[in-house]
Amino acid sequence: ELPADRGCSEAGGGVCFRRMTTVSLTGTASLLHNNLACSASGWAACVHNSVNAGGGKLLLTHTGGPSKDGPEVSQAMSIRYLELTTGPVLVVSSTNGTQVYNEDASAMLVYVPITDAGTDTDTLKNHQ
């Protein structure tokens, strides 16, 4: 279970206080740096990486709603919601490339593959 931000209410001198709630996910979150992304409208997403091929996936929940499995991901390195003028998007960077999904990850909007064919096997390729 992970805490999810329930929003921000301005109070007393412009200090922002956040109300927290606990949500359940359909799987366990991987131990990645910054492996929890929250959108302004209440979606929370994290990554579950797996050592088994095709076993990684996004885990999503909406505040007050049920959790769901998102699309499969392979070797995810970072996850983040970006607030665009058209609305929030979920950006996942992995060793295969960067995927941009709509807010609830029900549709992939953009895929940018890793095209570096370098020979340095000690370096893990990913977008930053």
# chains A, B, ... in the order shown; residues from 1 in each chain; ligands from 1
$ closest_atom_pairs --of "range 30-85 of chain A" --to "range 96-108 of chain A" --cutoff "9 Å" --atoms "only C-alpha atoms" --output "tab-separated table"
residue	atom	partner	partner_atom	distance
A:Ser39	CA	A:Glu103	CA	7.7
A:Trp43	CA	A:Asp104	CA	7.0
A:Ala44	CA	A:Asp104	CA	8.8
A:Ala45	CA	A:Asp104	CA	8.6
A:Leu58	CA	A:Ala105	CA	8.3
A:Leu60	CA	A:Asp104	CA	7.3
A:Thr61	CA	A:Asp104	CA	8.4
A:His62	CA	A:Asp104	CA	8.4
A:Gly70	CA	A:Ala105	CA	6.1
A:Pro71	CA	A:Ala105	CA	7.1
A:Ser74	CA	A:Asn96	CA	7.2
A:Gln75	CA	A:Asn96	CA	7.7
A:Ala76	CA	A:Asn96	CA	8.5
A:Tyr81	CA	A:Glu103	CA	7.8
$ write_last_selection --atoms "N, CA, C and O atoms" --output "tab-separated table (two decimals), in the first residue's frame"
chain	number	residue	atom	x	y	z
A	39	SER	N	-0.92	12.36	-10.47
A	39	SER	CA	-1.43	13.45	-11.31
A	39	SER	C	-2.27	14.39	-10.47
A	39	SER	O	-2.73	14.02	-9.37
A	43	TRP	N	-4.81	10.47	-10.08
A	43	TRP	CA	-4.26	9.18	-10.50
A	43	TRP	C	-2.89	8.99	-9.88
A	43	TRP	O	-2.10	9.94	-9.76
A	44	ALA	N	-2.59	7.78	-9.45
A	44	ALA	CA	-1.26	7.43	-8.94
A	44	ALA	C	-0.78	6.22	-9.74
A	44	ALA	O	-1.55	5.31	-10.05
A	45	ALA	N	0.50	6.24	-10.10
A	45	ALA	CA	1.08	5.16	-10.89
A	45	ALA	C	2.45	4.81	-10.35
A	45	ALA	O	3.18	5.66	-9.85
A	58	LEU	N	2.82	-1.49	-15.34
A	58	LEU	CA	2.45	-0.31	-14.58
A	58	LEU	C	1.31	-0.69	-13.65
A	58	LEU	O	0.43	-1.48	-14.01
A	60	LEU	N	-1.69	1.12	-11.42
A	60	LEU	CA	-2.39	2.40	-11.34
A	60	LEU	C	-3.57	2.34	-10.40
A	60	LEU	O	-4.18	1.29	-10.22
A	61	THR	N	-3.89	3.47	-9.83
A	61	THR	CA	-5.09	3.61	-9.02
A	61	THR	C	-5.55	5.06	-9.10
A	61	THR	O	-4.76	5.96	-9.34
A	62	HIS	N	-6.84	5.25	-8.95
A	62	HIS	CA	-7.40	6.59	-8.87
A	62	HIS	C	-7.94	6.77	-7.46
A	62	HIS	O	-8.56	5.86	-6.90
A	70	GLY	N	-1.75	-1.69	-15.47
A	70	GLY	CA	-1.57	-0.93	-16.69
A	70	GLY	C	-0.86	-1.78	-17.73
A	70	GLY	O	-0.75	-3.00	-17.58
A	71	PRO	N	-0.33	-1.15	-18.76
A	71	PRO	CA	0.36	-1.89	-19.81
A	71	PRO	C	1.66	-2.51	-19.31
A	71	PRO	O	2.22	-2.09	-18.30
A	74	SER	N	9.05	-2.94	-19.83
A	74	SER	CA	10.27	-3.73	-19.69
A	74	SER	C	11.38	-2.85	-19.15
A	74	SER	O	11.70	-1.83	-19.75
A	75	GLN	N	11.94	-3.24	-18.02
A	75	GLN	CA	13.08	-2.54	-17.43
A	75	GLN	C	12.83	-1.03	-17.29
A	75	GLN	O	13.63	-0.21	-17.74
A	76	ALA	N	11.73	-0.65	-16.66
A	76	ALA	CA	11.43	0.77	-16.45
A	76	ALA	C	12.47	1.40	-15.53
A	76	ALA	O	12.91	0.79	-14.56
A	81	TYR	N	4.26	11.94	-14.09
A	81	TYR	CA	3.16	12.62	-14.76
A	81	TYR	C	3.64	14.01	-15.14
A	81	TYR	O	4.29	14.70	-14.35
$ atom_distance --atom1 "CA of Thr85 in chain A" --atom2 "CA of Thr63 in chain A"
22.2 Å
